[in-house]
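**Student:** The following file, query28.cif, comprises mmCIF, C-alpha atoms and all ligand atoms:
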data_coords
loop_
_atom_site.label_atom_id
_atom_site.label_comp_id
_atom_site.auth_asym_id
_atom_site.auth_seq_id
_atom_site.Cartn_x
_atom_site.Cartn_y
_atom_site.Cartn_z
CA MET Z 251 0.00 0.00 0.00
CA VAL Z 252 1.75 3.16 -1.18
CA LYS Z 253 -1.14 5.62 -1.37
CA ALA Z 254 -0.69 9.18 -0.09
CA ASP Z 255 2.99 9.29 -1.05
CA ALA Z 256 3.58 5.98 0.76
CA TYR Z 257 1.87 7.27 3.90
CA GLY Z 258 3.90 10.48 3.73
CA LEU Z 259 7.27 8.75 3.61
CA GLY Z 260 8.07 9.29 -0.07
CA VAL Z 261 6.78 6.89 -2.69
CA ALA Z 262 9.79 7.50 -4.94
CA LYS Z 263 12.00 5.75 -2.37
CA VAL Z 264 9.50 3.39 -0.80
CA ALA Z 265 7.97 1.81 -3.91
CA PRO Z 266 11.26 0.78 -5.58
CA ALA Z 267 12.46 -0.63 -2.23
CA LEU Z 268 9.30 -2.74 -1.97
CA TYR Z 269 9.75 -3.86 -5.57
CA ARG Z 270 13.29 -4.98 -4.78
CA GLU Z 271 11.88 -7.04 -1.90
CA GLY Z 272 9.62 -8.85 -4.34
CA CYS Z 273 6.39 -6.88 -4.15
CA ARG Z 274 4.55 -6.76 -7.50
CA ASP Z 275 1.09 -5.45 -6.54
CA PHE Z 276 0.97 -1.78 -5.56
CA PHE Z 277 -2.13 0.07 -4.42
CA VAL Z 278 -2.65 3.84 -4.60
CA ALA Z 279 -5.73 5.97 -4.05
CA THR Z 280 -5.93 8.03 -7.20
CA GLN Z 281 -5.18 7.79 -10.89
CA ALA Z 282 -2.68 10.66 -10.62
CA GLU Z 283 -0.82 8.72 -7.93
CA GLY Z 284 -0.89 5.70 -10.22
CA VAL Z 285 0.59 7.58 -13.19
CA ARG Z 286 3.39 8.87 -10.98
CA LEU Z 287 4.04 5.41 -9.57
CA GLY Z 288 4.12 3.90 -13.05
CA ALA Z 289 7.17 5.99 -13.84
CA LEU Z 290 8.96 4.63 -10.75
CA LEU Z 291 8.44 0.91 -11.26
CA PRO Z 292 9.30 -1.73 -13.87
CA ASP Z 293 6.52 -2.87 -16.20
CA ASP Z 294 5.77 -6.10 -14.38
CA ALA Z 295 4.48 -4.18 -11.34
CA ARG Z 296 0.70 -4.07 -11.17
CA ILE Z 297 -0.65 -0.68 -10.08
CA ILE Z 298 -4.15 -0.67 -8.66
CA ILE Z 299 -6.23 2.47 -8.15
CA LEU Z 300 -8.37 2.07 -5.03
CA SER Z 301 -10.92 4.79 -5.73
CA GLY Z 302 -11.66 3.30 -9.11
CA VAL Z 303 -11.98 5.35 -12.23
CA ARG Z 304 -13.75 8.66 -12.65
CA PRO Z 305 -16.21 9.23 -15.49
CA GLY Z 306 -14.32 10.22 -18.62
CA ARG Z 307 -10.96 8.99 -17.37
CA GLU Z 308 -11.42 5.31 -18.26
CA LYS Z 309 -9.49 5.34 -21.53
CA GLU Z 310 -6.53 7.17 -20.03
CA CYS Z 311 -6.52 4.68 -17.16
CA ALA Z 312 -6.61 1.65 -19.44
CA LEU Z 313 -3.99 2.97 -21.84
CA ALA Z 314 -1.66 3.78 -18.93
CA GLY Z 315 -1.92 0.16 -17.87
CA LEU Z 316 -3.42 1.11 -14.52
CA VAL Z 317 -5.88 -1.27 -12.91
CA PRO Z 318 -8.99 0.37 -11.45
CA THR Z 319 -10.79 -1.02 -8.43
CA LEU Z 320 -14.41 -1.00 -9.54
CA VAL Z 321 -16.35 0.06 -6.48
CA ASN Z 322 -19.89 0.52 -7.77
CA THR Z 323 -22.10 -0.52 -10.67
CA ALA Z 324 -21.60 2.78 -12.52
CA GLN Z 325 -17.86 2.13 -12.62
CA VAL Z 326 -18.46 -1.46 -13.68
CA GLN Z 327 -20.54 -0.30 -16.64
CA SER Z 328 -18.23 2.50 -17.72
CA TRP Z 329 -15.14 0.29 -17.49
CA ALA Z 330 -16.80 -2.45 -19.53
CA SER Z 331 -17.84 0.06 -22.23
CA CYS Z 332 -14.37 1.52 -22.37
CA CYS Z 333 -12.69 -1.88 -22.70
CA ARG Z 334 -15.14 -2.97 -25.40
CA ALA Z 335 -14.53 0.25 -27.33
CA LEU Z 336 -10.77 -0.10 -27.06
CA GLY Z 337 -10.96 -3.78 -27.85
CA ILE Z 338 -8.52 -4.66 -25.09
CA PRO Z 339 -9.17 -6.85 -22.05
CA ALA Z 340 -7.72 -4.32 -19.58
CA PRO Z 341 -7.82 -5.94 -16.15
CA SER Z 342 -9.81 -4.60 -13.22
CA VAL Z 343 -10.24 -5.32 -9.51
CA LEU Z 344 -13.70 -5.94 -8.09
CA LYS Z 345 -14.37 -4.58 -4.62
CA MET Z 346 -17.18 -5.71 -2.42
CA ASP Z 347 -18.45 -3.85 0.64
CA SER Z 348 -18.60 -6.60 3.24
CA GLY Z 349 -19.36 -4.25 6.14
CA MET Z 350 -17.02 -1.28 5.91
CA GLY Z 351 -19.89 0.90 4.74
CA ARG Z 352 -17.80 2.88 2.31
CA LEU Z 353 -16.93 1.80 -1.22
CA GLY Z 354 -17.74 -1.45 -2.94
CA LEU Z 355 -20.40 -3.54 -4.65
CA SER Z 356 -23.01 -5.19 -2.47
CA ALA Z 357 -23.10 -8.98 -2.27
CA ARG Z 358 -26.21 -8.86 -4.45
CA GLU Z 359 -24.45 -6.75 -7.07
CA VAL Z 360 -21.48 -9.14 -7.10
CA ARG Z 361 -23.83 -12.08 -7.65
CA GLY Z 362 -25.56 -10.14 -10.42
CA LEU Z 363 -22.23 -9.67 -12.15
CA LEU Z 364 -21.35 -13.34 -11.88
CA ALA Z 365 -24.51 -14.13 -13.82
CA GLN Z 366 -23.36 -11.98 -16.77
CA PRO Z 367 -20.49 -13.77 -18.53
CA GLU Z 368 -20.25 -11.21 -21.35
CA LEU Z 369 -19.91 -8.35 -18.93
CA LEU Z 370 -17.34 -10.25 -16.88
CA LYS Z 371 -15.33 -10.92 -19.99
CA ALA Z 372 -15.16 -7.22 -20.78
CA LEU Z 373 -14.19 -6.38 -17.18
CA ASN Z 374 -11.46 -9.03 -17.01
CA PRO Z 375 -11.32 -9.03 -13.18
CA CYS Z 376 -7.93 -10.10 -11.83
CA MET Z 377 -8.67 -9.60 -8.15
CA PHE Z 378 -11.62 -9.68 -5.76
CA ILE Z 379 -11.16 -7.62 -2.61
CA SER Z 380 -12.95 -6.25 0.41
CA HIS Z 381 -11.82 -4.09 3.33
CA LEU Z 382 -12.16 -4.57 7.09
CA ALA Z 383 -13.61 -1.82 9.27
CA CYS Z 384 -12.49 -2.89 12.76
CA ALA Z 385 -9.43 -5.09 12.27
CA ASP Z 386 -7.50 -3.17 14.93
CA GLU Z 387 -10.08 -4.36 17.49
CA PRO Z 388 -9.67 -8.16 17.35
CA ALA Z 389 -12.73 -8.81 19.52
CA HIS Z 390 -15.06 -6.70 17.41
CA PRO Z 391 -17.88 -8.89 16.02
CA LEU Z 392 -17.78 -7.15 12.65
CA ASN Z 393 -14.46 -8.88 11.84
CA GLN Z 394 -16.02 -12.34 11.87
CA GLN Z 395 -19.11 -11.11 10.00
CA GLN Z 396 -17.02 -9.53 7.26
CA LEU Z 397 -14.86 -12.65 7.02
CA SER Z 398 -17.91 -14.89 6.63
CA LEU Z 399 -19.54 -12.74 3.99
CA PHE Z 400 -16.33 -12.26 2.04
CA SER Z 401 -15.50 -15.98 2.20
CA ALA Z 402 -18.93 -16.90 0.88
CA LEU Z 403 -18.75 -14.50 -2.03
CA ALA Z 404 -15.11 -15.34 -2.72
CA ALA Z 405 -16.08 -18.98 -3.22
CA GLU Z 406 -18.81 -17.99 -5.68
CA VAL Z 407 -16.47 -15.66 -7.55
CA ARG Z 408 -13.78 -18.31 -7.76
CA ALA Z 409 -16.25 -20.83 -9.13
CA VAL Z 410 -16.74 -18.53 -12.12
CA LEU Z 411 -13.24 -17.03 -12.30
CA PRO Z 412 -10.82 -19.76 -11.14
CA ASP Z 413 -7.65 -17.64 -11.43
CA ILE Z 414 -8.87 -14.60 -9.52
CA VAL Z 415 -6.73 -13.35 -6.62
CA LEU Z 416 -8.63 -12.93 -3.33
CA SER Z 417 -7.68 -10.24 -0.81
CA LEU Z 418 -9.24 -9.03 2.43
CA ALA Z 419 -6.65 -8.02 5.03
CA ASN Z 420 -5.05 -4.66 5.67
CA SER Z 421 -2.23 -4.50 8.27
CA SER Z 422 -4.38 -5.18 11.30
CA GLY Z 423 -6.32 -7.82 9.38
CA ILE Z 424 -3.09 -9.76 8.84
CA PHE Z 425 -2.70 -10.01 12.62
CA LEU Z 426 -6.22 -11.40 13.02
CA GLY Z 427 -4.85 -14.71 11.78
CA GLU Z 428 -4.44 -16.84 8.70
CA ALA Z 429 -8.15 -17.15 8.01
CA TYR Z 430 -8.02 -13.51 6.94
CA HIS Z 431 -5.05 -13.84 4.58
CA PHE Z 432 -6.51 -15.38 1.40
CA ASP Z 433 -4.12 -14.97 -1.59
CA LEU Z 434 -2.81 -11.47 -1.04
CA VAL Z 435 -2.63 -9.10 1.93
CA ARG Z 436 -2.55 -5.33 1.67
CA PRO Z 437 -0.37 -3.88 4.45
CA GLY Z 438 0.14 -0.14 4.65
CA ALA Z 439 0.48 1.01 8.25
CA ALA Z 440 2.49 -2.02 9.34
CA LEU Z 441 5.09 -1.43 6.64
CA TYR Z 442 5.68 2.01 8.07
CA GLY Z 443 5.95 1.00 11.73
CA ILE Z 444 2.44 1.81 12.97
CA ASN Z 445 1.24 -0.72 15.54
CA PRO Z 446 -1.35 -2.98 13.88
CA GLU Z 447 -2.43 -4.31 17.29
CA PRO Z 448 -3.00 -1.19 19.41
CA GLU Z 449 -3.93 -3.31 22.47
CA ASN Z 450 -0.59 -5.14 22.39
CA PRO Z 451 3.08 -4.14 22.21
CA ASN Z 452 4.08 -3.27 18.65
CA PRO Z 453 5.51 -6.39 16.98
CA LEU Z 454 7.12 -4.20 14.28
CA CYS Z 455 10.16 -1.95 14.18
CA ALA Z 456 10.00 1.82 14.16
CA VAL Z 457 10.66 3.09 10.65
CA VAL Z 458 10.68 6.86 11.02
CA GLN Z 459 12.81 9.17 13.09
CA LEU Z 460 12.19 12.90 13.09
CA SER Z 461 14.46 15.51 14.67
CA LEU Z 462 13.94 19.25 14.81
CA PRO Z 463 16.90 21.65 14.86
CA VAL Z 464 17.12 23.86 17.95
CA ILE Z 465 17.39 27.50 16.98
CA GLN Z 466 17.42 29.11 20.40
CA ILE Z 467 17.84 28.19 24.06
CA ARG Z 468 16.48 30.51 26.71
CA HIS Z 469 17.13 30.57 30.46
CA VAL Z 470 13.94 31.88 32.00
CA GLU Z 471 14.59 34.61 34.58
CA LYS Z 472 11.09 35.11 35.87
CA ASP Z 473 7.81 33.24 35.38
CA CYS Z 474 6.58 33.80 31.84
CA THR Z 475 4.09 32.67 29.28
CA VAL Z 476 5.09 31.07 26.02
CA GLY Z 477 3.81 31.50 22.51
CA TYR Z 478 0.49 32.45 20.90
CA GLY Z 479 -2.40 32.98 23.25
CA ALA Z 480 0.10 32.90 26.11
CA ALA Z 481 -1.04 29.29 26.38
CA GLY Z 482 2.24 27.90 27.72
CA LYS Z 483 3.94 28.65 31.02
CA MET Z 484 7.59 28.51 32.04
CA PRO Z 485 8.71 29.01 35.63
CA ALA Z 486 11.63 31.18 36.68
CA GLY Z 487 14.83 29.14 36.55
CA GLY Z 488 13.54 26.89 33.77
CA VAL Z 489 15.21 26.43 30.44
CA MET Z 490 13.35 26.48 27.18
CA ALA Z 491 14.34 25.52 23.64
CA VAL Z 492 12.76 26.83 20.49
CA ALA Z 493 12.97 24.30 17.66
CA ARG Z 494 12.33 24.84 13.99
CA GLY Z 495 9.33 22.88 12.73
CA GLY Z 496 5.68 23.62 13.30
CA TYR Z 497 2.21 22.76 12.13
CA ALA Z 498 3.13 23.72 8.57
CA ASP Z 499 5.52 20.77 8.77
CA GLY Z 500 2.76 18.49 9.97
CA LEU Z 501 3.50 18.67 13.69
CA LEU Z 502 -0.12 18.31 14.70
CA ARG Z 503 -1.19 21.42 16.57
CA ALA Z 504 -3.60 19.40 18.70
CA GLN Z 505 -0.62 18.08 20.69
CA SER Z 506 0.24 21.62 21.88
CA ASN Z 507 1.05 21.63 25.60
CA ARG Z 508 0.62 17.82 25.63
CA GLY Z 509 3.21 16.32 23.32
CA SER Z 510 6.87 15.94 24.01
CA GLY Z 511 10.26 15.58 22.44
CA GLU Z 512 13.22 13.53 23.48
CA VAL Z 513 16.89 14.35 23.89
CA ALA Z 514 19.29 11.48 24.58
CA GLY Z 515 16.46 9.45 26.07
CA VAL Z 516 15.13 12.27 28.30
CA ARG Z 517 11.61 13.50 27.67
CA VAL Z 518 11.21 17.24 27.17
CA PRO Z 519 7.59 18.46 27.16
CA MET Z 520 6.25 20.80 24.51
CA VAL Z 521 5.19 24.17 25.93
CA GLY Z 522 2.64 26.50 24.45
CA THR Z 523 0.80 26.15 21.18
CA ILE Z 524 2.73 24.82 18.23
CA SER Z 525 3.36 27.66 15.76
CA MET Z 526 3.42 27.41 12.00
CA ASP Z 527 7.22 27.12 11.86
CA SER Z 528 8.38 26.53 15.41
CA THR Z 529 7.72 24.54 18.56
CA MET Z 530 8.87 25.28 22.10
CA PHE Z 531 10.09 22.70 24.59
CA ASP Z 532 10.75 22.81 28.33
CA ILE Z 533 14.25 21.34 28.50
CA SER Z 534 14.77 22.00 32.22
CA ALA Z 535 15.00 18.24 32.84
CA LEU Z 536 18.25 18.00 30.90
CA PRO Z 537 21.49 18.26 32.86
CA GLU Z 538 24.08 20.93 32.18
CA PRO Z 539 26.10 21.32 30.08
CA GLN Z 540 23.96 19.23 27.71
CA ARG Z 541 20.96 21.50 27.83
CA SER Z 542 22.91 24.56 26.75
CA GLU Z 543 24.43 22.64 23.87
CA ILE Z 544 21.61 20.63 22.35
CA LYS Z 545 21.38 20.92 18.61
CA GLU Z 546 18.29 18.80 17.94
CA ILE Z 547 15.16 17.50 19.60
CA GLU Z 548 13.69 14.21 18.45
CA VAL Z 549 9.93 14.25 18.07
CA ILE Z 550 9.51 10.74 16.60
CA ASN Z 551 11.85 7.87 17.39
CA ARG Z 552 11.71 4.28 18.59
CA ASN Z 553 10.66 5.34 22.14
CA LEU Z 554 8.51 8.26 21.16
CA THR Z 555 6.59 6.29 18.59
CA VAL Z 556 4.27 7.43 15.84
CA ASP Z 557 1.44 5.85 17.83
CA GLU Z 558 2.32 7.79 20.99
CA VAL Z 559 2.59 11.07 19.10
CA ALA Z 560 -0.83 10.32 17.65
CA ARG Z 561 -2.30 9.80 21.14
CA HIS Z 562 -0.96 13.20 22.25
CA ALA Z 563 -2.75 14.76 19.29
CA GLY Z 564 -5.95 12.74 19.72
CA THR Z 565 -5.50 10.98 16.39
CA ILE Z 566 -3.96 7.88 14.79
CA GLY Z 567 -0.44 7.14 13.58
CA TYR Z 568 -1.65 7.24 9.99
CA GLU Z 569 -2.39 10.95 10.29
CA VAL Z 570 0.97 11.67 11.92
CA LEU Z 571 2.79 10.08 8.99
CA THR Z 572 0.63 11.42 6.17
CA SER Z 573 1.00 14.91 7.67
CA LEU Z 574 4.81 14.86 7.55
CA GLY Z 575 5.73 18.08 5.80
CA SER Z 576 7.68 18.80 2.66
CA ARG Z 577 10.25 21.10 4.29
CA TYR Z 578 12.09 18.38 6.17
CA PHE Z 579 15.44 17.16 4.95
CA ARG Z 580 14.84 13.45 4.42
CA ARG Z 581 17.46 10.78 4.61
CA TYR Z 582 16.72 7.17 3.72
CA LEU Z 583 18.81 4.52 5.43
CA LYS Z 584 19.43 1.09 4.02
CA THR Z 585 18.87 -1.52 6.67
C1 LIG J 601 -5.44 1.97 3.03
C2 LIG J 601 -5.96 0.65 2.67
C3 LIG J 601 -5.28 -0.52 3.09
C4 LIG J 601 -4.10 -0.48 4.01
O1 LIG J 601 -4.52 -0.30 5.33
P1 LIG J 601 -3.49 -0.31 6.55
O2 LIG J 601 -4.37 -0.27 7.73
O3 LIG J 601 -2.66 0.92 6.38
O4 LIG J 601 -2.67 -1.54 6.42
C5 LIG J 601 -5.74 -1.74 2.62
N1 LIG J 601 -6.82 -1.81 1.81
C6 LIG J 601 -7.52 -0.72 1.42
C7 LIG J 601 -8.71 -0.88 0.54
C8 LIG J 601 -7.11 0.54 1.85
O5 LIG J 601 -7.80 1.63 1.47
#
For the file at hand, write its structure as structure tokens.
Ligand SMILES: *Cc1c(COP(=O)(O)O)cnc(C)c1O
**Tutor:**
Amino acid sequence: MVKADAYGLGVAKVAPALYREGCRDFFVATQAEGVRLGALLPDDARIIILSGVRPGREKECALAGLVPTLVNTAQVQSWASCCRALGIPAPSVLKMDSGMGRLGLSAREVRGLLAQPELLKALNPCMFISHLACADEPAHPLNQQQLSLFSALAAEVRAVLPDIVLSLANSSGIFLGEAYHFDLVRPGAALYGINPEPENPNPLCAVVQLSLPVIQIRHVEKDCTVGYGAAGKMPAGGVMAVARGGYADGLLRAQSNRGSGEVAGVRVPMVGTISMDSTMFDISALPEPQRSEIKEIEVINRNLTVDEVARHAGTIGYEVLTSLGSRYFRRYLKT
């Protein structure tokens, strides 16, 4: 799963690395993302557009070799007409809504399709997928319901299309067990270090580290307020660092006065509201001379995880990563 610029991490680096590891099926959200990805990968990579194909864009999609996920009957019809007109059996992915309540054909619509061999031939479906709504809550009853419905329809689809690839699980779905795996799994979050099992310790490694450069250190002489709205407070005798990097860089403003950074393993709380380009930290907990000399404050690392940062901001790790700004200097390490 490399949609949204590979969850904010840079698809130009991430997708070729996944290809080198043997991945051949790549999913993105939009056709524009697919076109960009096509230029980054060898021809044997299959690029699947999750939102399907917009009216009028079918031909461009087919000629670019992109595979649309057909998510409703209108897309099914327009894709079939396009492929008939072009005279090419451009492949497609069929998506069923098994309980997510978002995109996808209903079970009835899937069965209707299976009864129309001519239409199926024009669509040339290579994959049948569905998406789980609550996979990160293993005890949620919807998981089992979605699995049952998908399994039933998958068997009917396979009876008509024996070579079709079946796929249900996102990252958290993979951790629900083998029954959810079918032929192909679609991890996104887990590839990028987000915990797929929020109730348990993260079985995966941290992938991202983010450090902000310190641009000023201030020894507070008398009690003062910090930043916009005077929302932060520093006591006399405290030491404060101003780091470059703010909400314009995707440091979620909702973690103002709640989030923290880390310096050599010591937590340093954020103080005041996060500004567009800067964030203030109370670094009083650091010993001298270190605190007068710090050059950087880490705001994501293996202790201060993407998931923890998300909790401080009242959101999920996905949003932390996809918000990562474009002004950062990015370095990719080979592991
Ligand atoms: C985003 C997405 C995924 C990946 O989900 P993660 O939770 O990031 O693993 C899988 N399938 C579909 C249809 C998606 O939209």
**Student:** Would you mind telling me which residue in Z:Leu353, Z:Ala324, Z:Ala429, Z:Leu411 lies nearest to Lys371 in chain Z when using only C-alpha atoms?
**Tutor:**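 Under the stated criterion, the closest residue is Z:Leu411.
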**Student:** Please, which residues have at least one atom within 6 Å of an atom of ligand LIG 601 (chain J), using all atoms listed in the file, listed as a ChimeraX atom specification?
**Tutor:** /Z:251,381,420-421,436-440
**Student:** How many Å lie between CA of Ser417 in chain Z and CA of Lys345 in chain Z, rounded to one decimal?
**Tutor:**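 The value is 9.6 Å.
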**Student:** I'd like the neighbourhood of Ala560 in chain Z as a ChimeraX atom specification, where a residue qualifies if any of its atoms comes within 9 Å (using only C-alpha atoms), though same-chain residues fewer than 4 positions away should be ignored.
**Tutor:** /Z:502,505,555-556,564-570
**Student:** Any idea what's packed within 9 Å of Ala563 in chain Z, counting all atoms listed in the file, ignoring anything in its chain fewer than 4 positions away? Could you give it as a list of chain:residue names?
**Tutor:**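 So the residues in contact are Z:Leu502, Z:Arg503, Z:Ala504, Z:Gln505, Z:Ser506, Z:Arg508, Z:Gly509, Z:Glu558, Z:Val559, Z:Val570.
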**Student:** From the list Z:Gln395, Z:Gln466, Z:Ser328, Z:Gln281, which residue is nearest Thr529 in chain Z when using only C-alpha atoms?
**Tutor:**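 Of Z:Gln395, Z:Gln466, Z:Ser328, Z:Gln281, the one nearest Thr529 in chain Z, counting only C-alpha atoms, is Z:Gln466.
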**Student:** Draw an axis-aligned box over all listed atoms of range 458-464 of chain Z, pad each side with 6 Å, and write its centre and edge lengths in Å, one decimal, as lines of an AutoDock Vina configuration file.
**Tutor:**
center_x = 13.9
center_y = 15.4
center_z = 14.5
size_x = 18.4
size_y = 29.0
size_z = 18.9
**Student:** Select, from Z:Leu268, Z:Val549, Z:Ala535, Z:Ile544, the residue with the minimum atom-to-atom distance to Pro292 in chain Z, counting all atoms listed in the file.
**Tutor:** Z:Leu268
**Student:** With only C-alpha atoms as the basis for distance, which of Z:Leu460, Z:Val321, Z:Gly479, Z:Ala282 is at the shortest distance from Ile550 in chain Z?
**Tutor:**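 Distance minimum relative to Ile550 in chain Z lands on Z:Leu460.
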**Student:** Nearest to Gln366 in chain Z: which of Z:Val516, Z:Ala330, Z:Cys273, Z:Val261 is it, counting all atoms listed in the file?
**Tutor:**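 Of the candidates, the smallest distance to Gln366 in chain Z is held by Z:Ala330.
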**Student:** Could you check how far CA of Glu283 in chain Z sits from CA of Asn374 in chain Z, in Å to one decimal?
**Tutor:** 22.6 Å
**Student:** State, in Å with one decimal place, the distance from CA of Arg517 in chain Z to CA of Ile547 in chain Z.
**Tutor:** 9.7 Å
**Student:** Under the rule that all atoms listed in the file are counted, which of Z:Tyr578, Z:Phe276, Z:Phe400, Z:Trp329 is the nearest residue to Leu501 in chain Z?
**Tutor:**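 Once distances to Leu501 in chain Z are computed over all atoms listed in the file, the minimum belongs to Z:Tyr578.
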**Student:** Give as an MDAnalysis selection string the set of residues within 7 Å of the point (9.1, 28.1, 15.5), where distances use the file's coordinates and all atoms listed in the file.
**Tutor:** chainID Z and resid 492:496 525:529
**Student:** Store the residues picked out above, limited to C-alpha atoms, as a PDB file, in the frame of the given file.
**Tutor:**
ATOM      1  CA  VAL Z 492      12.760  26.830  20.490  1.00  0.00           C
ATOM      2  CA  ALA Z 493      12.970  24.300  17.660  1.00  0.00           C
ATOM      3  CA  ARG Z 494      12.330  24.840  13.990  1.00  0.00           C
ATOM      4  CA  GLY Z 495       9.330  22.880  12.730  1.00  0.00           C
ATOM      5  CA  GLY Z 496       5.680  23.620  13.300  1.00  0.00           C
ATOM      6  CA  SER Z 525       3.360  27.660  15.760  1.00  0.00           C
ATOM      7  CA  MET Z 526       3.420  27.410  12.000  1.00  0.00           C
ATOM      8  CA  ASP Z 527       7.220  27.120  11.860  1.00  0.00           C
ATOM      9  CA  SER Z 528       8.380  26.530  15.410  1.00  0.00           C
ATOM     10  CA  THR Z 529       7.720  24.540  18.560  1.00  0.00           C
TER      11      THR Z 529
END
